[in-house]
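In what follows, a single structure is set out as structure tokens and then discussed.
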Amino acid sequence: MGKFALDLAHMLAGGLVLVSFMLLYQDRMSGLLRVFALHAVVLSASVAWQAYAQGAPHLYITAAIALVLKAIIIPLALDRMVVRLGVHRSIDAVGGIGPTMLLGIGLVALSMTVMLRAAADADPLAREDLAFALSVVLLGMLMMVTRRNAVSQVVGFMSLENGLILAATGARGMPLVVEISVAFSVLIAFIVIGVFLFRIRERFDTVDVGALDEYRGGNQ
Amino acid sequence: MALILDLAAQGAQMLLVLALAPLLLGFTRKVKARLLMRQGPPLLQPYRDLLRLTRKEVVLADNASWLFRAAPYMIFAATWVAAALVPSFAAGLTFSWAADVIAIIALLGSARMFLALVGMDVGTSFGGLGASREMMFASLAEPAMMMIVFTVALVAGSTQLSTIAEFMLTHGSLRVSLGLALAGLIIVTLAENSRIPVDNPATHLELTMVHEAMVLEYSGRHLAVIEMAAALKLLLYLSLIACIFLPWGIAAPGASPAAYAAGLVAYLAKLTAGAFLMVLFETSIAKMRIFRVPEFLGAALMLGLLGTLLLFVSRSF
């Protein structure tokens, strides 16, 4: 594999980490959904390039699934959902973008350190892909922790799953069946979460998960 | 003989930046007006403004100190020297070995310090407000700029702009760190030149202005010199982006006059494209609230940090 192939793969995976940061930065709901669609587009470009570079045609299918499902269908559905929930103009309180960003940088540094040691004798493409994928996963988790709005948490979860797909394409030999079933289980999860969101709204008149805290047992 | 030629090339660069800076400003204003479906001022209007200002009488406040009169020239001198150090049409000119990119940032920093000082000198509240805001932005923009410079310097193995340009020409390739550094540098450029999401260069609305608030007390030739320095700074940042990230066509040290001419054409094309893209971005975005600016600049700092971090991944193969 040429140096250029490695560089482009590296660039696209790094771009995915960058878009994850944009997700963390974006606190408007409609902007968040657009950035999420961009996340999926970058993922699909990254997977398609890996398919070309590794000569693994079945990865093209993964890329196509990512593009159709996550860049088009899920953002559109989420968009309709936020309009129906009446939160499309809301601004999610993040508790300070600065500290969240710094935490995110710390997580990226952590995943680099861990992955470069743990996968030291893997081939460079796979190792770096894993490092980036772990960063995307950790950033998705960070997003789920820092947001209060349930829809933003769903976006965080979906971006986390994008990181898993990136990891799966980097590690060779992941069967196509597994990838397809993962993709569809995410779709199912999305539907379940959607139903759940409306139930939360019905019950508490808000999708702010802070409202759930009152129903927790014990002292606050 | 070679020394004379080198000096002539360096002199040409210094005069070129001086001659081009108002034109660049006029070009951005013209393009912006056309994008807003207006006719816009002629391209040469900034030159006429500057000429007119130099002919006008200087009105000084009673309590203006010597610093108030001296600072415009110091600001201009520091900015001009910095602009002369950034390779424009040719790399490796005589003076470029005297200072690296960190020295250029320091020169701009001292110009900014003088500007903030004179903002407070006369004691009007606007000046003080502008100075304090400028310093707030600077305290975020300068670390971001340093991180970006470190990223680029780690890739190229040097902080000399000429060496960096040569490295990018020969070893340049898609590096994710460089992409992040470019995005960060664009944010810093917008903030440092008081362009739209951060400050509005065309406004005189008191609540929003930063740069204009500091120079509000200036008139006549002092104002002309300060405006010239601001135009030079914009040119400097665009040249910096062009030299680090798009060094194609830049003439090598000691090249033939034909190579210099080709470098000049490439440089003008890069400036035009850069200014056009900047204006396009400006017209498509609204100015942000002043308390959003730290987040915007924080993003640049983050990009620089991330670029340095990711470098350790890409280093490892």
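Residue numbering restarts at 1 for every chain of the structure tokens, chains are lettered A, B, ... in their displayed order, and ligands are numbered from 1 as they appear.
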Output as JSON lines one row per residue of chain A within 6 Å of chain B: the closest atom pair and its distance in Å to one decimal place, counting only C-alpha atoms, sorted by chain and residue number ascending.
{"residue": "A:Asp7", "atom": "CA", "partner": "B:Leu174", "partner_atom": "CA", "distance": 5.6}
{"residue": "A:Met11", "atom": "CA", "partner": "B:Val176", "partner_atom": "CA", "distance": 4.5}
{"residue": "A:Gly14", "atom": "CA", "partner": "B:Val176", "partner_atom": "CA", "distance": 6.0}
- Task: Select from range 12-201 of chain A everything DSSP, run on the backbone, classes as helix (DSSP H, G or I), then give the selection as a PyMOL selection string.
- Result: chain A and resi 12-25+29-54+58-85+97-118+124-146+150-170+176-201
- Using only C-alpha atoms, which of A:Ser111, A:Ser185, A:Thr100, A:Thr206 sits nearest Leu134 in chain A? A:Ser111
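The environment of Ala13 in chain A within 7 Å, counting only C-alpha atoms and disregarding residues fewer than 5 places along the same chain, consists of Ser46, Asp129 and Phe132 of chain A.
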